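A.B. asks: Dropping in protein.cif, which is mmCIF, C-alpha atoms:
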```cif
data_upload
#
loop_
_atom_site.label_atom_id
_atom_site.label_comp_id
_atom_site.auth_asym_id
_atom_site.auth_seq_id
_atom_site.Cartn_x
_atom_site.Cartn_y
_atom_site.Cartn_z
CA MET A 1 -56.82 44.49 -83.84
CA LYS A 2 -57.53 47.90 -82.39
CA HIS A 3 -60.36 48.34 -79.91
CA ARG A 4 -63.15 50.15 -81.75
CA ILE A 5 -64.93 52.89 -79.79
CA VAL A 6 -67.96 54.37 -81.52
CA VAL A 7 -69.67 57.49 -80.17
CA LEU A 8 -73.21 58.11 -81.39
CA GLY A 9 -73.94 61.85 -81.42
CA ALA A 10 -71.64 64.86 -81.29
CA GLY A 11 -73.52 67.17 -78.97
CA TYR A 12 -72.08 68.49 -75.71
CA ALA A 13 -71.79 65.02 -74.19
CA GLY A 14 -70.71 63.01 -77.21
CA ALA A 15 -68.08 65.42 -78.52
CA TYR A 16 -66.64 65.91 -75.03
CA VAL A 17 -66.31 62.18 -74.43
CA ALA A 18 -64.84 61.46 -77.85
CA GLY A 19 -62.21 64.18 -77.50
CA ASN A 20 -61.17 63.06 -74.04
CA LEU A 21 -60.98 59.39 -74.98
CA ALA A 22 -58.74 60.36 -77.89
CA GLY A 23 -56.54 62.26 -75.45
CA ARG A 24 -56.30 59.48 -72.88
CA LEU A 25 -56.07 56.29 -74.92
CA SER A 26 -53.21 55.38 -77.18
CA PRO A 27 -54.11 55.35 -80.90
CA THR A 28 -51.86 52.33 -81.17
CA ASP A 29 -54.56 50.27 -79.46
CA THR A 30 -57.79 52.15 -80.13
CA GLU A 31 -59.72 53.80 -82.93
CA ILE A 32 -62.53 56.25 -82.23
CA THR A 33 -65.38 57.01 -84.61
CA VAL A 34 -68.03 59.67 -84.05
CA VAL A 35 -71.30 59.18 -85.91
CA ASN A 36 -73.33 62.38 -86.32
CA ALA A 37 -76.04 63.40 -88.75
CA ALA A 38 -74.78 66.98 -89.20
CA PRO A 39 -71.25 68.17 -90.01
CA GLU A 40 -71.18 70.87 -87.34
CA PHE A 41 -71.22 71.09 -83.55
CA VAL A 42 -74.44 72.68 -82.32
CA GLN A 43 -74.48 74.95 -79.27
CA ARG A 44 -77.90 73.82 -78.18
CA GLN A 45 -77.90 76.09 -75.12
CA ARG A 46 -77.83 79.10 -77.43
CA LEU A 47 -80.37 78.10 -80.07
CA ASN A 48 -82.94 80.46 -78.55
CA GLN A 49 -80.47 83.26 -79.28
CA LEU A 50 -80.02 82.04 -82.84
CA ALA A 51 -83.78 82.02 -83.34
CA ALA A 52 -84.06 85.56 -81.96
CA GLY A 53 -81.54 86.84 -84.51
CA ARG A 54 -78.11 86.56 -82.92
CA GLU A 55 -75.19 84.86 -84.61
CA VAL A 56 -74.15 81.64 -82.89
CA ALA A 57 -71.04 79.78 -84.00
CA ALA A 58 -71.40 76.23 -85.30
CA PRO A 59 -67.84 74.93 -85.78
CA GLN A 60 -67.33 72.00 -88.12
CA LEU A 61 -66.68 68.69 -86.41
CA THR A 62 -63.47 68.43 -88.39
CA GLU A 63 -62.39 71.61 -86.58
CA VAL A 64 -63.61 70.34 -83.22
CA PHE A 65 -61.57 67.13 -83.56
CA ALA A 66 -58.58 68.67 -85.33
CA GLY A 67 -55.30 67.23 -84.09
CA THR A 68 -56.88 63.94 -82.99
CA THR A 69 -57.21 60.60 -84.73
CA ILE A 70 -61.01 60.67 -84.39
CA GLN A 71 -62.89 59.63 -87.51
CA VAL A 72 -66.18 61.41 -88.25
CA ARG A 73 -68.94 59.50 -90.02
CA LEU A 74 -71.65 61.87 -91.24
CA ALA A 75 -74.72 59.68 -91.08
CA ARG A 76 -78.01 59.20 -89.27
CA VAL A 77 -78.22 56.30 -86.85
CA THR A 78 -81.12 54.03 -87.78
CA ALA A 79 -80.57 51.01 -85.52
CA ILE A 80 -78.23 49.23 -83.12
CA VAL A 81 -77.70 45.48 -83.26
CA PRO A 82 -76.02 44.61 -79.94
CA GLU A 83 -75.76 40.90 -80.78
CA ARG A 84 -73.45 41.71 -83.69
CA ARG A 85 -72.01 44.89 -82.15
CA VAL A 86 -72.87 47.02 -85.15
CA VAL A 87 -74.70 50.30 -85.72
CA ALA A 88 -76.83 50.71 -88.84
CA VAL A 89 -76.58 54.15 -90.44
CA ALA A 90 -78.08 56.05 -93.36
CA ASP A 91 -76.20 58.67 -95.32
CA ALA A 92 -76.10 60.32 -98.75
CA GLU A 93 -74.62 57.15 -100.23
CA GLY A 94 -77.32 54.91 -98.83
CA GLY A 95 -75.76 53.93 -95.53
CA GLY A 96 -74.21 50.81 -94.09
CA GLU A 97 -72.92 49.53 -90.78
CA VAL A 98 -70.33 50.69 -88.24
CA GLY A 99 -68.84 48.00 -86.03
CA TYR A 100 -67.87 48.63 -82.40
CA ASP A 101 -66.30 47.02 -79.37
CA SER A 102 -67.40 49.80 -77.00
CA LEU A 103 -70.38 52.00 -77.84
CA VAL A 104 -71.12 55.42 -76.32
CA TYR A 105 -74.77 56.33 -76.84
CA ALA A 106 -75.14 60.12 -76.86
CA LEU A 107 -78.04 60.76 -79.23
CA GLY A 108 -79.56 63.32 -76.88
CA SER A 109 -83.17 64.43 -77.05
CA HIS A 110 -85.62 66.21 -79.30
CA VAL A 111 -88.74 68.24 -78.72
CA ALA A 112 -91.69 66.14 -77.52
CA ASP A 113 -93.99 66.98 -80.42
CA HIS A 114 -96.07 63.78 -80.35
CA ILE A 115 -98.11 64.32 -77.20
CA VAL A 116 -100.32 67.27 -78.13
CA PRO A 117 -102.14 67.29 -81.49
CA GLY A 118 -100.83 69.83 -84.00
CA VAL A 119 -97.42 70.45 -82.42
CA ALA A 120 -95.47 68.57 -85.08
CA GLN A 121 -97.42 70.24 -87.90
CA HIS A 122 -97.75 73.82 -86.69
CA ALA A 123 -95.33 74.63 -83.85
CA PHE A 124 -91.74 75.85 -83.94
CA ASP A 125 -88.99 74.76 -81.56
CA VAL A 126 -85.38 75.52 -80.59
CA ALA A 127 -84.23 71.94 -80.01
CA GLY A 128 -82.11 71.81 -83.17
CA ARG A 129 -80.26 74.25 -85.39
CA PRO A 130 -82.50 73.77 -88.47
CA SER A 131 -85.65 74.28 -86.40
CA ALA A 132 -84.20 77.36 -84.69
CA LEU A 133 -83.36 78.85 -88.08
CA ARG A 134 -86.88 78.05 -89.27
CA LEU A 135 -88.27 80.01 -86.31
CA ARG A 136 -85.86 82.84 -87.08
CA GLU A 137 -87.18 83.05 -90.64
CA ARG A 138 -90.74 83.17 -89.33
CA LEU A 139 -89.91 85.97 -86.88
CA ASP A 140 -88.21 87.90 -89.69
CA GLU A 141 -91.36 87.50 -91.76
CA LEU A 142 -93.58 88.74 -88.94
CA GLU A 143 -91.37 91.80 -88.45
CA ARG A 144 -91.48 92.60 -92.15
CA ARG A 145 -95.27 92.53 -92.01
CA GLY A 146 -95.12 95.32 -89.46
CA ASP A 147 -98.46 94.57 -87.81
CA GLY A 148 -97.19 93.39 -84.43
CA GLY A 149 -97.13 89.65 -84.96
CA ARG A 150 -98.04 87.42 -82.02
CA VAL A 151 -95.51 84.91 -80.66
CA LEU A 152 -96.70 82.35 -78.12
CA VAL A 153 -94.06 80.36 -76.20
CA VAL A 154 -95.57 77.26 -74.61
CA GLY A 155 -93.74 75.93 -71.56
CA ASP A 156 -92.08 77.78 -68.67
CA GLY A 157 -89.10 75.54 -68.08
CA LEU A 158 -85.64 76.99 -68.60
CA THR A 159 -85.91 76.73 -72.40
CA GLY A 160 -89.29 78.43 -72.49
CA ILE A 161 -88.27 81.28 -70.20
CA GLU A 162 -85.03 81.93 -72.07
CA THR A 163 -86.73 81.75 -75.46
CA ALA A 164 -89.54 84.13 -74.54
CA THR A 165 -87.24 86.73 -72.97
CA GLU A 166 -84.67 86.53 -75.78
CA ILE A 167 -87.31 87.04 -78.48
CA ALA A 168 -89.10 89.80 -76.57
CA GLU A 169 -85.86 91.75 -76.12
CA ALA A 170 -84.60 91.26 -79.67
CA ARG A 171 -87.92 91.60 -81.53
CA ILE A 172 -89.52 94.62 -79.94
CA GLY A 173 -92.12 94.94 -82.70
CA LEU A 174 -93.64 91.56 -81.85
CA SER A 175 -96.07 90.66 -79.09
CA VAL A 176 -94.71 87.81 -76.95
CA SER A 177 -96.69 85.63 -74.56
CA LEU A 178 -95.40 82.90 -72.24
CA LEU A 179 -97.79 80.10 -71.31
CA ALA A 180 -97.14 78.18 -68.06
CA ARG A 181 -98.94 75.01 -67.06
CA GLY A 182 -98.73 76.06 -63.39
CA GLU A 183 -97.34 79.11 -61.63
CA LEU A 184 -94.63 80.95 -63.55
CA GLY A 185 -91.22 79.96 -62.20
CA ALA A 186 -92.62 77.37 -59.83
CA ARG A 187 -89.19 75.74 -59.49
CA LEU A 188 -87.61 78.99 -58.29
CA CYS A 189 -87.50 80.50 -54.82
CA THR A 190 -89.86 83.34 -53.97
CA GLY A 191 -87.34 86.08 -54.68
CA ALA A 192 -86.32 84.59 -58.00
CA ARG A 193 -89.97 84.25 -59.06
CA THR A 194 -90.48 87.92 -58.31
CA HIS A 195 -87.37 88.79 -60.31
CA LEU A 196 -88.66 86.71 -63.24
CA ARG A 197 -92.06 88.42 -63.20
CA ARG A 198 -90.44 91.83 -63.19
CA ALA A 199 -88.26 90.83 -66.13
CA CYS A 200 -91.29 89.65 -68.09
CA ALA A 201 -93.11 92.90 -67.32
CA ARG A 202 -90.08 94.97 -68.34
CA LEU A 203 -89.86 93.11 -71.65
CA GLY A 204 -93.58 93.36 -72.30
CA ILE A 205 -94.20 89.61 -72.09
CA THR A 206 -97.77 88.55 -71.38
CA VAL A 207 -97.76 85.68 -68.88
CA VAL A 208 -100.57 83.10 -69.04
CA GLU A 209 -100.53 80.76 -66.03
CA HIS A 210 -102.30 77.55 -64.97
CA THR A 211 -103.14 76.70 -68.56
CA ARG A 212 -102.77 73.43 -70.44
CA VAL A 213 -102.72 73.23 -74.22
CA ASP A 214 -105.01 70.68 -75.89
CA ALA A 215 -104.17 71.43 -79.53
CA VAL A 216 -101.97 73.64 -81.68
CA GLU A 217 -103.36 75.02 -84.93
CA ALA A 218 -101.84 77.18 -87.65
CA THR A 219 -102.90 80.51 -86.16
CA ARG A 220 -104.06 79.68 -82.66
CA VAL A 221 -103.75 77.41 -79.65
CA ARG A 222 -106.71 75.68 -78.00
CA CYS A 223 -106.52 75.32 -74.23
CA ALA A 224 -108.07 72.75 -71.90
CA ASP A 225 -110.23 75.38 -70.20
CA GLY A 226 -111.82 76.33 -73.53
CA ALA A 227 -109.73 79.43 -74.11
CA VAL A 228 -108.34 80.08 -77.59
CA LEU A 229 -105.10 82.04 -77.91
CA ALA A 230 -104.22 83.63 -81.24
CA SER A 231 -100.66 83.02 -82.40
CA ASP A 232 -98.69 83.78 -85.54
CA ALA A 233 -95.77 81.68 -84.29
CA THR A 234 -96.23 79.07 -81.58
CA VAL A 235 -92.93 77.95 -80.02
CA TRP A 236 -93.17 74.59 -78.27
CA THR A 237 -90.85 74.03 -75.30
CA GLY A 238 -93.21 71.78 -73.36
CA GLY A 239 -90.87 68.86 -72.83
CA PHE A 240 -88.26 66.73 -74.57
CA ALA A 241 -88.16 63.09 -75.67
CA VAL A 242 -85.37 60.66 -76.52
CA SER A 243 -84.88 58.52 -79.61
CA PRO A 244 -86.62 55.10 -79.67
CA ILE A 245 -83.45 53.48 -81.07
CA ALA A 246 -82.20 52.20 -77.70
CA ALA A 247 -85.50 50.56 -76.86
CA ALA A 248 -85.79 49.05 -80.32
CA ALA A 249 -82.31 47.56 -79.89
CA GLY A 250 -83.45 45.68 -76.78
CA LEU A 251 -81.45 47.72 -74.28
CA GLU A 252 -83.08 48.12 -70.88
CA VAL A 253 -84.76 51.53 -70.85
CA THR A 254 -87.23 53.45 -68.71
CA GLU A 255 -90.82 54.03 -69.75
CA HIS A 256 -89.59 57.24 -71.39
CA GLY A 257 -86.90 55.45 -73.40
CA GLN A 258 -83.81 56.53 -71.44
CA ILE A 259 -81.12 53.87 -71.06
CA VAL A 260 -80.78 52.35 -67.58
CA VAL A 261 -77.16 52.29 -66.45
CA ASP A 262 -75.03 51.47 -63.44
CA ARG A 263 -72.97 54.05 -61.53
CA THR A 264 -70.33 54.07 -64.28
CA MET A 265 -72.82 54.88 -67.08
CA ARG A 266 -72.63 51.30 -68.38
CA SER A 267 -75.86 49.76 -69.64
CA VAL A 268 -77.21 47.27 -67.11
CA SER A 269 -78.35 45.00 -69.94
CA ASN A 270 -75.53 45.41 -72.47
CA PRO A 271 -72.05 45.85 -70.96
CA ASP A 272 -70.51 47.01 -74.25
CA VAL A 273 -72.79 50.08 -74.25
CA TYR A 274 -72.41 53.31 -72.26
CA ALA A 275 -75.03 56.05 -72.22
CA ILE A 276 -74.57 59.75 -71.43
CA GLY A 277 -76.40 63.08 -71.58
CA ASP A 278 -80.14 63.28 -72.15
CA SER A 279 -80.22 59.65 -73.36
CA VAL A 280 -79.42 58.18 -69.95
CA HIS A 281 -81.47 57.57 -66.82
CA THR A 282 -79.01 58.56 -64.11
CA ILE A 283 -79.51 58.75 -60.37
CA GLY A 284 -77.49 61.61 -58.90
CA ASP A 285 -75.71 61.71 -55.59
CA ASN A 286 -78.89 63.11 -54.01
CA GLY A 287 -80.81 59.95 -54.91
CA ARG A 288 -82.86 61.67 -57.59
CA GLN A 289 -82.69 61.49 -61.35
CA LEU A 290 -80.42 64.04 -62.98
CA PRO A 291 -82.33 66.47 -65.21
CA MET A 292 -81.82 66.83 -68.95
CA ASN A 293 -79.32 69.69 -69.18
CA CYS A 294 -75.78 70.57 -70.17
CA GLY A 295 -74.47 70.07 -66.64
CA SER A 296 -75.75 66.51 -66.54
CA ALA A 297 -74.16 65.89 -69.94
CA GLY A 298 -70.81 66.92 -68.48
CA TYR A 299 -71.07 64.81 -65.33
CA THR A 300 -72.33 61.66 -67.06
CA GLY A 301 -69.80 62.13 -69.86
CA ARG A 302 -66.89 62.42 -67.47
CA GLN A 303 -68.02 59.32 -65.58
CA ALA A 304 -68.21 57.36 -68.83
CA ILE A 305 -64.69 58.52 -69.73
CA GLU A 306 -63.34 57.29 -66.39
CA ALA A 307 -65.13 53.96 -66.79
CA ILE A 308 -64.04 53.28 -70.36
CA VAL A 309 -60.42 54.29 -69.76
CA GLY A 310 -60.31 52.35 -66.48
CA ARG A 311 -61.73 49.14 -67.89
CA LEU A 312 -59.65 49.20 -71.05
CA THR A 313 -56.37 49.99 -69.29
CA GLY A 314 -56.88 47.90 -66.18
CA ARG A 315 -56.97 50.89 -63.83
CA ASP A 316 -59.32 51.86 -61.02
CA ILE A 317 -62.50 53.72 -62.01
CA ALA A 318 -63.12 56.90 -60.05
CA ASN A 319 -66.67 57.88 -59.14
CA VAL A 320 -67.33 61.31 -60.61
CA LYS A 321 -69.71 63.48 -58.62
CA LEU A 322 -73.21 63.42 -60.09
CA VAL A 323 -74.77 66.63 -58.81
CA TYR A 324 -77.57 69.01 -59.66
CA TRP A 325 -76.82 72.21 -57.82
CA ASN A 326 -78.13 75.17 -59.81
CA ASN A 327 -80.26 76.52 -62.61
CA ALA A 328 -78.64 79.33 -64.59
CA ILE A 329 -81.26 81.19 -66.61
CA SER A 330 -80.69 84.03 -69.04
CA LEU A 331 -83.37 86.70 -69.34
CA GLY A 332 -82.19 88.38 -72.51
CA ARG A 333 -78.70 89.82 -72.91
CA ARG A 334 -78.45 91.84 -69.69
CA ASP A 335 -80.44 89.97 -67.07
CA GLY A 336 -80.58 86.52 -65.58
CA ILE A 337 -81.19 84.29 -62.57
CA LEU A 338 -78.85 81.85 -60.84
CA GLN A 339 -80.98 79.62 -58.64
CA LEU A 340 -79.08 77.33 -56.28
CA ILE A 341 -80.57 73.88 -55.64
CA ASP A 342 -80.35 71.94 -52.36
CA GLY A 343 -79.77 68.23 -51.80
CA ALA A 344 -83.47 67.50 -52.13
CA ALA A 345 -83.53 69.14 -55.59
CA GLN A 346 -85.47 72.09 -54.16
CA PRO A 347 -84.61 75.76 -54.71
CA ARG A 348 -82.57 77.37 -51.97
CA ARG A 349 -83.94 80.59 -50.51
CA ARG A 350 -81.17 82.77 -51.95
CA PHE A 351 -80.49 83.50 -55.62
CA VAL A 352 -78.37 85.75 -57.82
CA GLY A 353 -80.16 88.02 -60.27
CA GLY A 354 -79.37 90.70 -62.84
CA ARG A 355 -76.21 91.21 -64.87
CA MET A 356 -74.04 89.01 -62.67
CA ALA A 357 -76.34 86.04 -63.18
CA ARG A 358 -76.37 86.69 -66.93
CA GLN A 359 -72.58 86.81 -66.98
CA ILE A 360 -72.45 83.50 -65.11
CA LYS A 361 -74.76 81.90 -67.69
CA ALA A 362 -72.67 83.33 -70.53
CA GLY A 363 -69.59 81.85 -68.88
CA VAL A 364 -71.28 78.46 -68.70
CA GLN A 365 -72.07 78.66 -72.41
CA ARG A 366 -68.53 79.67 -73.33
CA GLY A 367 -67.12 76.94 -71.11
CA ALA A 368 -69.32 74.31 -72.74
CA LEU A 369 -68.02 75.27 -76.18
CA LEU A 370 -64.39 75.42 -75.05
CA GLY A 371 -64.72 72.14 -73.18
CA THR A 372 -65.93 70.53 -76.38
CA MET A 373 -63.29 71.98 -78.69
CA HIS A 374 -60.45 71.62 -76.16
CA PRO A 375 -61.62 68.76 -73.93
CA THR A 376 -58.32 67.81 -72.27
CA ALA A 377 -57.73 71.42 -71.17
CA PHE A 378 -60.31 71.14 -68.40
CA GLY A 379 -58.61 69.14 -65.70
CA LEU A 380 -58.71 65.59 -67.03
CA PRO A 381 -55.43 63.65 -67.42
CA LYS A 382 -53.73 63.97 -70.80
CA ARG A 383 -51.48 60.91 -70.80
CA ARG A 384 -52.39 58.42 -73.52
CA ARG A 385 -52.44 54.94 -72.03
CA ARG A 386 -52.04 51.58 -73.68
CA LEU A 387 -54.73 48.96 -73.30
CA ALA A 388 -54.39 46.20 -70.77
CA THR A 389 -54.66 42.52 -71.64
CA PRO A 390 -58.26 41.30 -72.04
CA SER A 391 -58.07 39.35 -68.77
CA ASN A 392 -57.56 42.52 -66.74
CA ASP A 393 -60.66 44.23 -65.45
CA ALA A 394 -60.89 47.40 -63.42
CA HIS A 395 -62.97 47.91 -60.32
CA THR A 396 -64.73 51.02 -59.14
CA THR A 397 -63.33 53.25 -56.41
CA VAL A 398 -64.54 56.50 -54.93
CA ALA A 399 -62.51 59.55 -55.97
#
```
How does the structure come out when it is put into structure tokens?

C.D. replies:
Amino acid sequence: MKHRIVVLGAGYAGAYVAGNLAGRLSPTDTEITVVNAAPEFVQRQRLNQLAAGREVAAPQLTEVFAGTTIQVRLARVTAIVPERRVVAVADAEGGGEVGYDSLVYALGSHVADHIVPGVAQHAFDVAGRPSALRLRERLDELERRGDGGRVLVVGDGLTGIETATEIAEARIGLSVSLLARGELGARLCTGARTHLRRACARLGITVVEHTRVDAVEATRVRCADGAVLASDATVWTGGFAVSPIAAAAGLEVTEHGQIVVDRTMRSVSNPDVYAIGDSVHTIGDNGRQLPMNCGSAGYTGRQAIEAIVGRLTGRDIANVKLVYWNNAISLGRRDGILQLIDGAAQPRRRFVGGRMARQIKAGVQRGALLGTMHPTAFGLPKRRRRLATPSNDAHTTVA
């Protein structure tokens, strides 16, 4: 029988891993199935642009995996049963089960809308394509009203900053505010913070700092200090959460639900399961947890590829570098910030700003899409290897 590899999720991490495994393992010995709820690949990095009104490509997964033997199962994952090595799914036909020998868990994250009352009912987000399009429709509606609708973006992480600046630049008839729990751009160096403030001023964004939200209502936000901020569209970017499926399956997870793995991205409690992207709790080479971002998806994905290929073919497993070295932030279409990060995960004193930084971020976004649609074109070996006998087991080496 063929070795069944099932990849849960076809985001940046999942699609990249599936494509590379298909390119490096012989289809004579393996079959790869990708389970994803939607039929298209979502460029999550660019959903703020989609919400603001720009067109963002969403290629079909059949196009992404064209030329491979990868099977796509359009279904929503409802449970994992490690004891039986099956995944329970729900689809238009009612659902069923997908069996696996090796499982790659790449279900990613979603907006944390359960912590603050009213977020799930009244706020918008850019964590998924449907929700970004919903926000886009609301912004269109506010523009048609013509009375200067008020948009409040809650959260000044990378997603919040990029969303606020993109909307402010594209929707000049709307009033945009950005609410920060602490100082705006606290994770940036002094020069980059100054650059960010100037960008917000240039785009007409009202910055509200040192403010915590207690509740979101239909037309306003209530703050912990008693302030009430009017809002016709509240965009929530105040954190992300992972699916509870891993915890429910009995896998060892952190208090936040991320899967605990060893250095090869293999679950410490279930050796048939690998976890990558936002779903995994990974300690980087600096001794600190890797953040939830596209870069981490790439590093953890590549390590999982090396581990799966190595163990199945009886070869050594190289240690891929797990690094967090920069934050690339777009500030609309013509401005940006590239903040370098040191080994202690602190901002370095120098940064790149302006058009060059924006071009770098655009290059990252293009590279992420190309790396997904053409995974083996980015430096990984392309030779398809046969599986070793079951008695062979690879060991880890440093690349």

A.B. asks: How close does each residue of stretch 159-275 of chain A get to stretch 135-155 of chain A, giving the shortest atom pair and distance in Å to one decimal for every residue with an atom at most 7 Å away, counting only C-alpha atoms, sorted by chain and residue number, as a tab-separated table?

C.D. replies:
```
residue	atom	partner	partner_atom	distance
A:Gly160	CA	A:Gly155	CA	5.2
A:Ala164	CA	A:Val153	CA	6.1
A:Gly173	CA	A:Gly148	CA	5.6
A:Leu174	CA	A:Gly148	CA	4.8
A:Ser175	CA	A:Arg150	CA	4.8
A:Val176	CA	A:Val151	CA	4.8
A:Ser177	CA	A:Leu152	CA	4.8
A:Leu178	CA	A:Val153	CA	4.9
A:Leu179	CA	A:Val154	CA	4.9
A:Ala180	CA	A:Gly155	CA	5.4
A:Arg181	CA	A:Gly155	CA	6.9
A:Ser231	CA	A:Arg150	CA	5.1
A:Asp232	CA	A:Arg150	CA	5.1
A:Ala233	CA	A:Val151	CA	4.9
A:Thr234	CA	A:Leu152	CA	4.8
A:Val235	CA	A:Val153	CA	4.7
A:Trp236	CA	A:Val154	CA	5.1
A:Thr237	CA	A:Gly155	CA	5.1
A:Gly238	CA	A:Gly155	CA	4.6
```

A.B. asks: I need the output of the PyMOL selection byres ((chain A and resi 297) around 7) for this file as a VMD selection string; which residues are they?

C.D. replies: chain A and resid 12 to 13 276 to 278 293 to 296 298 to 301

A.B. asks: Taking only C-alpha atoms into account, which of A:Arg386, A:Arg129, A:Arg197, A:Arg4 comes nearest A:Gly310?

C.D. replies: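 The answer is A:Arg386, which sits nearest to A:Gly310.
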
A.B. asks: Determine the residue set returned by the PyMOL selection byres ((chain A and resi 70) around 6) for the present structure, and present it as a list of chain:residue names.

C.D. replies: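 Selected by the PyMOL selection byres ((chain A and resi 70) around 6) here: A:Ile32, A:Thr33, A:Thr68, A:Thr69, A:Gln71.
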
A.B. asks: Have a look at atom CA of A:Val77 and atom CA of A:Val119 and let me know their distance in Å, one decimal.

C.D. replies: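 Distance between the two atoms: 24.3 Å.
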
A.B. asks: Within 12 Å of (-68.8, 76.4, -71.0) in the file's own coordinates, which protein, DNA or RNA residues have an atom, counting only C-alpha atoms? List them as a PyMOL selection string.

C.D. replies: chain A and resi 12+16+43-46+294-295+297-298+359-375+378

A.B. asks: Expand the PyMOL selection byres ((chain A and resi 202) around 12) into the explicit residue set it covers here, and present it as an mmCIF file with C-alpha atoms, in the frame of the given file.

C.D. replies:
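Now in part_26.cif:
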```
data_model
loop_
_atom_site.group_PDB
_atom_site.id
_atom_site.type_symbol
_atom_site.label_atom_id
_atom_site.label_comp_id
_atom_site.auth_asym_id
_atom_site.auth_seq_id
_atom_site.Cartn_x
_atom_site.Cartn_y
_atom_site.Cartn_z
ATOM 1 C CA THR A 165 -87.240 86.730 -72.970
ATOM 2 C CA ALA A 168 -89.100 89.800 -76.570
ATOM 3 C CA GLU A 169 -85.860 91.750 -76.120
ATOM 4 C CA ILE A 172 -89.520 94.620 -79.940
ATOM 5 C CA HIS A 195 -87.370 88.790 -60.310
ATOM 6 C CA LEU A 196 -88.660 86.710 -63.240
ATOM 7 C CA ARG A 197 -92.060 88.420 -63.200
ATOM 8 C CA ARG A 198 -90.440 91.830 -63.190
ATOM 9 C CA ALA A 199 -88.260 90.830 -66.130
ATOM 10 C CA CYS A 200 -91.290 89.650 -68.090
ATOM 11 C CA ALA A 201 -93.110 92.900 -67.320
ATOM 12 C CA LEU A 203 -89.860 93.110 -71.650
ATOM 13 C CA GLY A 204 -93.580 93.360 -72.300
ATOM 14 C CA ILE A 205 -94.200 89.610 -72.090
ATOM 15 C CA THR A 206 -97.770 88.550 -71.380
ATOM 16 C CA LEU A 331 -83.370 86.700 -69.340
ATOM 17 C CA GLY A 332 -82.190 88.380 -72.510
ATOM 18 C CA ASP A 335 -80.440 89.970 -67.070
#
```

A.B. asks: Counting all atoms listed in the file, which residues have an atom no more than 9 Å from (-104.9, 84.3, -76.4) in the file's coordinates? Please list them as a ChimeraX atom specification.

C.D. replies: /A:152,177,208,220-222,227-231

A.B. asks: Using all atoms listed in the file, pick whichever of A:Asp29, A:Leu107, A:Pro130, A:Ile317 has the shortest atom-to-atom distance to A:Pro244.

C.D. replies: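 Going through A:Asp29, A:Leu107, A:Pro130, A:Ile317 one by one, the smallest distance to A:Pro244 is for A:Leu107.
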
A.B. asks: In Å, with one decimal, what is the gap from atom CA of A:Ala127 to atom CA of A:Ala112?

C.D. replies: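 Taking atom CA of A:Ala127 and atom CA of A:Ala112, their separation equals 9.8 Å.
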
A.B. asks: What does the structure give for the distance between atom CA of A:Glu162 and atom CA of A:Ser330, in Å to one decimal?

C.D. replies: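 Interatomic distance here is 5.7 Å.
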